[in-house]
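**Student:** If it helps, the file is called work01.csv and holds CSV, C-alpha atoms and all ligand atoms:
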chain,number,residue,atom,x,y,z
A,1,MET,CA,-10.3,-128.4,-159.6
A,2,LEU,CA,-9.0,-127.2,-156.2
A,3,ILE,CA,-11.1,-124.5,-154.4
A,4,ASP,CA,-10.1,-123.1,-151.0
A,5,GLY,CA,-12.4,-122.2,-148.1
A,6,HIS,CA,-12.9,-118.7,-149.5
A,7,GLY,CA,-13.9,-119.8,-153.0
A,8,ARG,CA,-10.5,-119.1,-154.6
A,9,ARG,CA,-9.2,-121.6,-157.2
A,10,VAL,CA,-5.8,-122.8,-156.3
A,11,SER,CA,-3.6,-123.9,-159.2
A,12,TYR,CA,-0.1,-122.8,-158.2
A,13,LEU,CA,2.3,-124.9,-156.1
A,14,ARG,CA,5.6,-123.6,-154.9
A,15,VAL,CA,8.0,-126.3,-153.8
A,16,SER,CA,11.0,-125.5,-151.6
A,17,VAL,CA,13.7,-128.2,-152.1
A,18,THR,CA,16.1,-127.1,-149.4
A,19,GLU,CA,16.2,-124.4,-146.8
A,20,ARG,CA,20.0,-124.2,-147.1
A,21,CYS,CA,21.6,-121.3,-148.9
A,22,ASN,CA,25.0,-120.1,-150.0
A,23,PHE,CA,23.9,-116.4,-149.4
A,24,ARG,CA,22.8,-114.8,-146.1
A,25,CYS,CA,20.6,-112.0,-147.5
A,26,GLN,CA,20.0,-109.5,-144.6
A,27,TYR,CA,16.3,-109.5,-145.3
A,28,CYS,CA,15.9,-113.3,-145.3
A,29,MET,CA,18.4,-115.2,-143.2
A,30,PRO,CA,20.6,-114.6,-140.1
A,31,GLU,CA,24.3,-114.7,-140.6
A,32,LYS,CA,24.7,-117.8,-138.3
A,33,PRO,CA,21.9,-120.1,-139.0
A,34,PHE,CA,21.2,-122.0,-136.0
A,35,SER,CA,20.5,-125.6,-136.8
A,36,TRP,CA,19.7,-126.7,-140.4
A,37,VAL,CA,17.1,-129.3,-140.8
A,38,PRO,CA,19.2,-132.6,-140.9
A,39,LYS,CA,19.4,-133.9,-144.5
A,40,GLU,CA,17.7,-137.1,-143.6
A,41,ASN,CA,14.6,-135.1,-142.7
A,42,LEU,CA,14.3,-133.8,-146.2
A,43,LEU,CA,11.8,-135.5,-148.5
A,44,SER,CA,13.4,-137.2,-151.4
A,45,PHE,CA,12.6,-136.0,-154.9
A,46,GLU,CA,10.5,-139.2,-155.4
A,47,ASP,CA,8.4,-138.3,-152.3
A,48,LEU,CA,8.0,-134.7,-153.4
A,49,PHE,CA,7.1,-136.0,-156.9
A,50,LEU,CA,4.3,-138.2,-155.5
A,51,PHE,CA,2.7,-135.2,-154.0
A,52,ILE,CA,3.2,-133.1,-157.1
A,53,LYS,CA,1.4,-135.7,-159.2
A,54,VAL,CA,-1.5,-135.6,-156.8
A,55,GLY,CA,-1.5,-131.8,-157.1
A,56,ILE,CA,-1.4,-131.9,-160.9
A,57,ASP,CA,-4.1,-134.5,-161.1
A,58,GLU,CA,-6.3,-132.2,-158.9
A,59,GLY,CA,-5.7,-129.1,-161.0
A,60,ILE,CA,-2.3,-127.6,-160.2
A,61,ASP,CA,-1.0,-126.2,-163.5
A,62,LYS,CA,1.9,-124.0,-162.3
A,63,ILE,CA,4.9,-125.2,-160.2
A,64,ARG,CA,7.8,-123.1,-159.0
A,65,ILE,CA,10.9,-124.7,-157.5
A,66,THR,CA,12.5,-122.6,-154.8
A,67,GLY,CA,14.4,-122.7,-151.5
A,68,GLY,CA,16.7,-121.7,-149.7
A,69,GLU,CA,18.8,-121.9,-152.7
A,70,PRO,CA,17.4,-124.7,-154.9
A,71,LEU,CA,20.5,-125.0,-157.0
A,72,LEU,CA,22.4,-126.4,-154.0
A,73,ARG,CA,20.3,-129.6,-154.1
A,74,ALA,CA,22.0,-132.2,-156.2
A,75,ASP,CA,20.2,-133.6,-159.2
A,76,LEU,CA,17.6,-130.8,-159.4
A,77,ASP,CA,17.6,-131.2,-163.2
A,78,LYS,CA,16.4,-134.8,-162.8
A,79,PHE,CA,13.6,-133.7,-160.5
A,80,ILE,CA,12.5,-131.1,-163.1
A,81,LYS,CA,12.6,-133.8,-165.8
A,82,MET,CA,10.3,-136.0,-163.6
A,83,ILE,CA,7.7,-133.2,-163.4
A,84,ASN,CA,8.1,-132.2,-167.1
A,85,ASP,CA,7.8,-135.9,-168.2
A,86,TYR,CA,4.6,-136.2,-166.2
A,87,LYS,CA,2.9,-133.1,-167.7
A,88,SER,CA,5.0,-131.2,-170.2
A,89,ASP,CA,2.5,-128.3,-170.6
A,90,ILE,CA,2.9,-127.4,-166.9
A,91,ASP,CA,4.2,-123.9,-166.3
A,92,LEU,CA,7.5,-125.0,-164.7
A,93,ALA,CA,9.7,-122.3,-163.2
A,94,LEU,CA,12.5,-121.8,-160.7
A,95,THR,CA,13.5,-119.0,-158.3
A,96,THR,CA,17.3,-118.8,-157.6
A,97,ASN,CA,19.9,-116.4,-156.4
A,98,GLY,CA,21.8,-117.2,-159.7
A,99,PHE,CA,25.1,-118.0,-158.1
A,100,LEU,CA,25.3,-121.5,-159.5
A,101,LEU,CA,23.4,-120.9,-162.7
A,102,LYS,CA,26.3,-120.6,-165.1
A,103,GLU,CA,27.0,-124.3,-164.4
A,104,THR,CA,23.4,-125.5,-164.4
A,105,ALA,CA,21.3,-123.4,-166.7
A,106,LYS,CA,21.7,-125.6,-169.7
A,107,SER,CA,20.8,-128.9,-168.0
A,108,LEU,CA,17.8,-127.2,-166.3
A,109,LYS,CA,16.6,-126.0,-169.7
A,110,ASP,CA,17.1,-129.4,-171.3
A,111,ALA,CA,15.2,-131.0,-168.4
A,112,GLY,CA,12.1,-128.9,-169.2
A,113,LEU,CA,12.5,-125.8,-167.1
A,114,LYS,CA,10.7,-122.9,-168.8
A,115,ARG,CA,11.2,-119.8,-166.7
A,116,ILE,CA,13.5,-118.5,-164.1
A,117,ASN,CA,13.4,-115.7,-161.6
A,118,ILE,CA,16.8,-114.5,-160.4
A,119,SER,CA,17.3,-112.3,-157.4
A,120,LEU,CA,19.5,-109.3,-158.1
A,121,ASP,CA,19.6,-106.5,-155.5
A,122,SER,CA,22.6,-104.5,-156.7
A,123,LEU,CA,24.9,-103.9,-159.6
A,124,LYS,CA,27.7,-102.8,-157.3
A,125,ALA,CA,29.9,-105.6,-156.0
A,126,GLY,CA,30.3,-104.0,-152.5
A,127,VAL,CA,26.5,-103.5,-152.1
A,128,ALA,CA,25.7,-106.9,-153.3
A,129,MET,CA,28.2,-108.3,-150.8
A,130,LYS,CA,26.7,-106.2,-148.0
A,131,ILE,CA,23.2,-107.6,-148.7
A,132,ALA,CA,24.1,-111.2,-149.4
A,133,GLN,CA,27.0,-111.1,-146.9
A,134,ARG,CA,29.0,-113.0,-149.5
A,135,ASP,CA,30.9,-111.9,-152.6
A,136,VAL,CA,28.3,-112.7,-155.2
A,137,LEU,CA,27.9,-110.2,-158.0
A,138,VAL,CA,30.2,-111.5,-160.7
A,139,LYS,CA,28.8,-115.1,-160.5
A,140,VAL,CA,25.2,-113.9,-160.4
A,141,LEU,CA,25.7,-111.7,-163.5
A,142,GLU,CA,27.4,-114.7,-165.3
A,143,GLY,CA,24.4,-116.8,-164.3
A,144,ILE,CA,21.9,-114.3,-165.7
A,145,ASP,CA,23.8,-114.2,-169.0
A,146,LYS,CA,23.9,-118.0,-169.2
A,147,ALA,CA,20.2,-118.4,-168.5
A,148,LEU,CA,19.4,-115.9,-171.3
A,149,HIS,CA,21.8,-117.6,-173.6
A,150,VAL,CA,20.2,-121.1,-173.2
A,151,GLY,CA,16.8,-119.6,-173.9
A,152,LEU,CA,15.1,-119.5,-170.4
A,153,GLY,CA,12.6,-116.8,-169.8
A,154,VAL,CA,14.2,-114.6,-167.2
A,155,LYS,CA,12.8,-112.2,-164.6
A,156,ILE,CA,14.7,-110.2,-162.0
A,157,ASN,CA,13.6,-109.9,-158.4
A,158,THR,CA,14.8,-107.0,-156.4
A,159,VAL,CA,14.2,-106.0,-152.8
A,160,PRO,CA,14.9,-102.2,-152.4
A,161,LEU,CA,16.2,-101.3,-149.0
A,162,LYS,CA,16.5,-97.8,-147.6
A,163,GLY,CA,20.1,-96.6,-147.3
A,164,ILE,CA,21.5,-99.8,-148.9
A,165,ASN,CA,20.4,-100.2,-152.6
A,166,ASP,CA,17.6,-97.6,-152.9
A,167,ASP,CA,19.9,-95.5,-155.2
A,168,GLU,CA,19.9,-98.4,-157.7
A,169,VAL,CA,16.2,-98.6,-158.5
A,170,LEU,CA,16.7,-97.0,-161.9
A,171,ASP,CA,20.0,-98.7,-162.7
A,172,LEU,CA,18.5,-102.1,-162.0
A,173,LEU,CA,15.5,-101.2,-164.2
A,174,GLU,CA,17.8,-100.1,-167.0
A,175,PHE,CA,20.0,-103.2,-166.6
A,176,ALA,CA,16.9,-105.5,-166.9
A,177,LYS,CA,15.5,-103.5,-169.8
A,178,SER,CA,18.8,-103.7,-171.7
A,179,LYS,CA,18.5,-107.5,-171.6
A,180,SER,CA,14.7,-107.6,-172.3
A,181,MET,CA,14.0,-109.0,-168.8
A,182,THR,CA,11.1,-107.9,-166.6
A,183,ILE,CA,12.2,-106.6,-163.3
A,184,ARG,CA,9.9,-107.0,-160.3
A,185,TYR,CA,10.6,-104.9,-157.2
A,186,ILE,CA,9.4,-106.7,-154.0
A,187,GLU,CA,8.6,-104.6,-150.9
A,188,TYR,CA,10.6,-105.8,-148.0
A,189,MET,CA,8.4,-108.1,-145.9
A,190,GLU,CA,9.2,-107.9,-142.2
A,191,ASN,CA,10.0,-111.2,-140.6
A,192,ARG,CA,11.8,-112.3,-137.5
A,193,PHE,CA,14.8,-113.7,-139.3
A,194,ALA,CA,15.8,-110.5,-141.0
A,195,LYS,CA,18.4,-108.2,-139.7
A,196,ASP,CA,17.1,-105.6,-137.2
A,197,LYS,CA,16.2,-102.1,-138.5
A,198,LEU,CA,16.0,-102.9,-142.1
A,199,GLN,CA,13.5,-100.7,-143.9
A,200,GLY,CA,12.2,-101.4,-147.4
A,201,LEU,CA,11.0,-98.9,-150.0
A,202,SER,CA,7.3,-98.8,-150.4
A,203,SER,CA,5.6,-99.3,-153.7
A,204,GLN,CA,5.0,-95.6,-153.9
A,205,GLU,CA,8.6,-94.7,-153.1
A,206,ILE,CA,9.8,-97.0,-155.9
A,207,LYS,CA,7.4,-95.4,-158.3
A,208,ASP,CA,8.4,-91.9,-157.3
A,209,ILE,CA,12.1,-92.8,-158.1
A,210,ILE,CA,11.2,-94.2,-161.5
A,211,SER,CA,8.9,-91.3,-162.4
A,212,LYS,CA,11.8,-88.9,-162.0
A,213,LYS,CA,13.2,-90.3,-165.2
A,214,TYR,CA,10.4,-92.1,-167.0
A,215,SER,CA,6.7,-91.7,-167.7
A,216,PHE,CA,4.7,-94.8,-167.1
A,217,LYS,CA,1.2,-96.0,-166.7
A,218,GLU,CA,-0.3,-98.8,-164.6
A,219,VAL,CA,-1.5,-101.8,-166.6
A,220,GLY,CA,-2.9,-103.7,-163.6
A,221,ARG,CA,-2.3,-107.2,-162.3
A,222,ILE,CA,-2.3,-110.3,-164.4
A,223,ALA,CA,-4.8,-112.5,-162.7
A,224,SER,CA,-3.5,-114.1,-159.5
A,225,SER,CA,0.0,-112.6,-159.9
A,226,PRO,CA,1.0,-110.6,-156.8
A,227,ALA,CA,2.8,-108.0,-159.0
A,228,HIS,CA,1.2,-104.7,-160.2
A,229,LEU,CA,2.5,-104.1,-163.7
A,230,TYR,CA,3.6,-100.7,-165.1
A,231,GLU,CA,4.5,-99.8,-168.7
A,232,LEU,CA,7.0,-97.2,-169.8
A,233,GLU,CA,6.2,-95.2,-172.9
A,234,ASP,CA,8.3,-97.5,-175.1
A,235,GLY,CA,6.3,-100.5,-173.9
A,236,TYR,CA,8.8,-102.0,-171.4
A,237,ARG,CA,7.0,-103.4,-168.4
A,238,PHE,CA,8.1,-103.6,-164.8
A,239,GLY,CA,6.3,-105.0,-161.7
A,240,ILE,CA,6.0,-104.1,-158.0
A,241,ILE,CA,4.9,-106.7,-155.4
A,242,ASP,CA,3.4,-104.9,-152.5
A,243,PRO,CA,2.2,-107.3,-149.9
A,244,HIS,CA,1.4,-104.5,-147.5
A,245,ASN,CA,-1.6,-103.9,-149.7
A,246,HIS,CA,-3.7,-107.0,-149.6
A,247,ASP,CA,-5.3,-106.8,-153.0
A,248,PHE,CA,-3.5,-109.9,-154.3
A,249,CYS,CA,-4.9,-112.0,-151.4
A,250,GLU,CA,-8.4,-111.7,-153.0
A,251,ASP,CA,-7.4,-114.1,-155.8
A,252,CYS,CA,-4.4,-115.8,-154.2
A,253,ASN,CA,-4.0,-119.1,-156.1
A,254,ARG,CA,-0.9,-120.5,-154.4
A,255,ILE,CA,0.2,-123.0,-151.7
A,256,ARG,CA,3.7,-123.9,-150.6
A,257,LEU,CA,5.4,-127.1,-149.8
A,258,THR,CA,8.6,-127.1,-147.8
A,259,ALA,CA,11.5,-129.5,-148.2
A,260,GLU,CA,10.4,-131.3,-145.1
A,261,GLY,CA,7.0,-131.9,-146.4
A,262,MET,CA,5.0,-129.2,-144.6
A,263,LEU,CA,2.2,-127.9,-146.8
A,264,ILE,CA,1.7,-124.2,-146.1
A,265,PRO,CA,-1.5,-122.3,-147.1
A,266,CYS,CA,-0.2,-118.7,-146.6
A,267,LEU,CA,3.3,-117.3,-146.6
A,268,TYR,CA,2.6,-115.1,-143.5
A,269,PHE,CA,1.1,-117.6,-141.1
A,270,ASP,CA,2.5,-120.6,-139.1
A,271,GLU,CA,-0.3,-122.9,-140.0
A,272,ALA,CA,0.8,-126.0,-142.0
A,273,MET,CA,0.2,-129.7,-142.3
A,274,SER,CA,2.7,-132.5,-143.1
A,275,ILE,CA,2.4,-134.7,-146.2
A,276,LYS,CA,5.4,-136.7,-145.1
A,277,ASP,CA,3.7,-139.8,-143.6
A,278,ALA,CA,1.3,-140.0,-146.6
A,279,VAL,CA,4.0,-139.7,-149.3
A,280,GLN,CA,6.5,-141.9,-147.6
A,281,SER,CA,3.9,-144.7,-147.3
A,282,GLY,CA,2.8,-144.2,-150.9
A,283,ASP,CA,-0.7,-143.2,-149.7
A,284,VAL,CA,-2.0,-141.1,-152.6
A,285,GLN,CA,-5.4,-140.6,-151.1
A,286,GLY,CA,-3.9,-139.5,-147.8
A,287,ALA,CA,-1.8,-136.9,-149.6
A,288,ALA,CA,-4.9,-135.7,-151.4
A,289,ASN,CA,-6.7,-135.4,-148.1
A,290,VAL,CA,-4.0,-133.3,-146.6
A,291,LEU,CA,-4.1,-131.1,-149.6
A,292,LYS,CA,-7.8,-130.6,-149.3
A,293,GLU,CA,-7.7,-129.9,-145.6
A,294,VAL,CA,-4.9,-127.3,-146.0
A,295,LEU,CA,-7.0,-125.6,-148.7
A,296,ALA,CA,-10.1,-125.5,-146.6
A,297,ASN,CA,-8.1,-123.7,-143.9
A,298,LYS,CA,-6.3,-121.2,-146.2
A,299,PRO,CA,-6.5,-117.8,-144.5
A,300,GLU,CA,-8.3,-115.0,-146.3
A,301,LYS,CA,-5.4,-112.6,-146.3
A,302,ASN,CA,-1.9,-112.1,-145.0
A,303,LYS,CA,-1.1,-109.6,-142.1
A,304,TRP,CA,1.7,-107.5,-143.6
A,305,THR,CA,-0.4,-104.3,-143.0
A,306,SER,CA,1.8,-101.3,-143.2
A,307,GLN,CA,5.5,-101.0,-142.6
A,308,SER,CA,4.9,-98.5,-139.8
A,309,ASP,CA,2.8,-101.1,-138.0
A,310,ASN,CA,6.0,-103.1,-137.6
A,311,GLU,CA,4.2,-106.4,-138.4
A,312,THR,CA,6.5,-109.4,-138.4
A,313,SER,CA,6.0,-113.0,-139.6
A,314,GLN,CA,7.4,-116.0,-137.7
A,315,ARG,CA,7.8,-117.7,-141.0
A,316,ALA,CA,11.3,-117.9,-142.5
A,317,PHE,CA,11.5,-117.0,-146.2
A,318,TYR,CA,14.4,-119.4,-146.7
A,319,GLU,CA,12.1,-122.2,-145.4
A,320,THR,CA,9.0,-121.4,-147.4
A,321,GLY,CA,10.8,-120.2,-150.6
A,322,GLY,CA,9.3,-116.7,-150.6
B,401,LIG,N1,17.3,-118.3,-152.9
B,401,LIG,C1,16.5,-118.0,-154.0
B,401,LIG,C2,16.4,-116.5,-154.3
B,401,LIG,O1,17.0,-115.7,-153.5
B,401,LIG,O2,15.9,-116.1,-155.3
B,401,LIG,C3,15.0,-118.5,-153.8
B,401,LIG,C4,14.5,-118.3,-152.4
B,401,LIG,S1,14.2,-116.6,-151.9
B,401,LIG,C5,13.5,-116.9,-150.3
B,401,LIG,C6,12.8,-116.2,-152.9
B,401,LIG,C7,12.6,-114.7,-153.0
B,401,LIG,O3,12.2,-114.2,-151.7
B,401,LIG,C8,13.7,-113.9,-153.4
B,401,LIG,O4,13.4,-113.2,-154.6
B,401,LIG,C9,14.0,-113.0,-152.3
B,401,LIG,O5,14.4,-111.7,-152.7
B,401,LIG,C10,12.6,-112.9,-151.6
B,401,LIG,N2,12.7,-112.5,-150.2
B,401,LIG,C11,13.3,-113.2,-149.2
B,401,LIG,N3,13.1,-112.5,-148.1
B,401,LIG,C12,12.4,-111.5,-148.3
B,401,LIG,C13,11.8,-110.4,-147.5
B,401,LIG,N4,12.0,-110.3,-146.2
B,401,LIG,N5,11.0,-109.5,-148.1
B,401,LIG,C14,10.8,-109.6,-149.5
B,401,LIG,N6,11.3,-110.5,-150.3
B,401,LIG,C15,12.1,-111.5,-149.7
B,402,LIG,FE1,19.3,-117.3,-149.8
B,402,LIG,FE2,17.4,-116.5,-151.4
B,402,LIG,FE3,17.2,-116.0,-148.7
B,402,LIG,FE4,19.0,-114.7,-150.1
B,402,LIG,S1,16.8,-114.6,-150.4
B,402,LIG,S2,19.4,-115.8,-148.2
B,402,LIG,S3,19.6,-116.2,-151.7
B,402,LIG,S4,17.1,-118.0,-149.7
Give the structure from this file in structure tokens form.
Ligand code: SAM
Ligand code: SF4

**Tutor:**
Amino acid sequence: MLIDGHGRRVSYLRVSVTERCNFRCQYCMPEKPFSWVPKENLLSFEDLFLFIKVGIDEGIDKIRITGGEPLLRADLDKFIKMINDYKSDIDLALTTNGFLLKETAKSLKDAGLKRINISLDSLKAGVAMKIAQRDVLVKVLEGIDKALHVGLGVKINTVPLKGINDDEVLDLLEFAKSKSMTIRYIEYMENRFAKDKLQGLSSQEIKDIISKKYSFKEVGRIASSPAHLYELEDGYRFGIIDPHNHDFCEDCNRIRLTAEGMLIPCLYFDEAMSIKDAVQSGDVQGAANVLKEVLANKPEKNKWTSQSDNETSQRAFYETGG
């Protein structure tokens, strides 16, 4: 069992397989990204898998593949199959912008993927284009339908932004509900790669909008999930992730691995250690040692305090996978 320096059990590994992306979401990535990590610096799936096996053997029971856009990486289905073949009862999930999902959903499901979170910030083509800075909506909607069709469990992630998509909070909820998908609104998290002057809706502002049309009650957080869940009178549940309130840090169970092999204990902070040398030399004990050292130094909580404090993180979401 993996226990961090604050006594929390860590059982959830998020693995970013690339920092590259076919979108340029205003809240995540600058329009002209600088220099990508050269492809030769990325860990191979075999190297990532060596570390994943170490994690699973030590007690990791949930893995989420993310990015950048994970579907840009070739042979992702083979990577998923490697993990699933090693431990088929692992909770194996993916977070994607959905753009390439129509073409890939079936092979991902066949490889052993169980659940998928798809980012959808607008149902209006122009607004989706404004946020992603690409013309994306039609392909994303097709991807959602395909994922549902092949039998993947689908959740929708939405980042509501003031003056951009804040008038779609209810439409997006009703869209998700009509397809029996949970929607989770994520408070915009300030970071230095986001476009200047973006302002997210707070959890309270999101709830205020929904309460104009629906009555709902809070049903709390499922252990270690960052989302607070709410239930409409007909039983439909939606979630809100509000990192500006630190309560989910108390039982945070996650660590993150980047495509270059940096093991990151907290999304907010710069601290990280590399597993690259260990996995590339097949040093299983060395990889386990890095894992334990990172856990020993996992911070107690993030520093997204309140939006008015203008806190920013130096970490890029497209690098850590959110
Ligand atoms: N490209 C995939 C996608 O968009 O779903 C996976 C990577 S993305 C970094 C993972 C999640 O992080 C997405 O749901 C995205 O909306 C969220 N995200 C990115 N930047 C964010 C920010 N500044 N604040 C809140 N959520 C953010
Ligand atoms: Fe790409 Fe996802 Fe970041 Fe949007 S949120 S730019 S889709 S990595």

**Student:** Looking at all atoms listed in the file, which of A:Glu142, A:Glu58, A:Glu187, A:Glu233 is the one that sits closest to ligand LIG 401 (chain B)?

**Tutor:**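 When distances to ligand LIG 401 (chain B) are compared using all atoms listed in the file, the smallest one comes from A:Glu187.
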
**Student:** Using all atoms listed in the file, pick whichever of A:Arg8, A:Lys177, A:Lys32, A:Arg237 has the shortest atom-to-atom distance to Gly220 in chain A.

**Tutor:** A:Arg237

**Student:** Just want the residues within 9 Å of ligand LIG 401 (chain B), written as a ChimeraX atom specification, counting all atoms listed in the file.

**Tutor:** /A:16,19-23,25-29,65-71,94-98,117-121,156-160,185-194,200,241,243,316-322

**Student:** Could you name the residues that touch Tyr236 in chain A at 10 Å or less, counting all atoms listed in the file, but leaving out those on the same chain fewer than 3 positions away, as a ChimeraX atom specification?

**Tutor:** /A:173,176-177,180-183,216,230-233

**Student:** Would you pick out the contacts of Phe79 in chain A at 9 Å or less, using all atoms listed in the file, so that residues sharing its chain but fewer than 4 positions from it are not included, and give the list as a PyMOL selection string?

**Tutor:** chain A and resi 45-46+49+75+83-84+111

**Student:** Using all atoms listed in the file, which residues sit within 12 Å of Gly282 in chain A once same-chain residues fewer than 2 positions away are excluded, as a PyMOL selection string?

**Tutor:** chain A and resi 46-51+53-54+275-280+284-288

**Student:** One decimal, in Å: what's the spacing between CA of Lys301 in chain A and CA of Cys249 in chain A?

**Tutor:**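 The value is 5.2 Å.
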
**Student:** Here is a test: counting all atoms listed in the file, which residue of A:Leu100, A:Ile209, A:Ile56, A:Leu172 is nearest to ligand LIG 402 (chain B)?

**Tutor:**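 Under the stated criterion, the closest residue is A:Leu100.
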
**Student:** Excluding His149 in chain A and its own-chain neighbours fewer than 3 positions away, which residues fall within 12 Å of it when counting only C-alpha atoms? Please give them as a VMD selection string.

**Tutor:** chain A and resid 101 to 102 105 to 106 109 142 to 146 152 to 154 179

**Student:** With distances taken over all atoms listed in the file, which of A:Ala132, A:Ile80, A:Leu13, A:Ile116 is nearest to ligand LIG 402 (chain B)?

**Tutor:**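 Smallest distance to ligand LIG 402 (chain B) is found for A:Ala132.
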
**Student:** Counting only C-alpha atoms, which of A:Lys114, A:Leu201, A:Leu291, A:Ile3 gets nearest to Leu92 in chain A?

**Tutor:**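 Nearest to Leu92 in chain A: A:Lys114.
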
**Student:** Separation of CA of Ile90 in chain A and CA of Val140 in chain A, in Å?

**Tutor:**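 It comes out at 26.9 Å.
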
**Student:** Rounded to one decimal, what separation in Å do you get between CA of Asp242 in chain A and CA of Ile206 in chain A?

**Tutor:**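 Interatomic distance, CA of Asp242 in chain A to CA of Ile206 in chain A: 10.7 Å.
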
**Student:** Can you tell me, as a list in words, what residues are no more than 8 Å from Asp91 in chain A when counting only C-alpha atoms, ignoring any on the same chain fewer than 6 positions away?

**Tutor:**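 Non-adjacent residues within range: Asp61, Lys62, Ile63 and Lys114 of chain A.
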
**Student:** Between A:Arg221, A:Lys212, A:Arg254, A:Arg134, which is the closest to ligand LIG 402 (chain B) once you count all atoms listed in the file?

**Tutor:**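 Among the listed residues, the smallest separation from ligand LIG 402 (chain B) belongs to A:Arg134.
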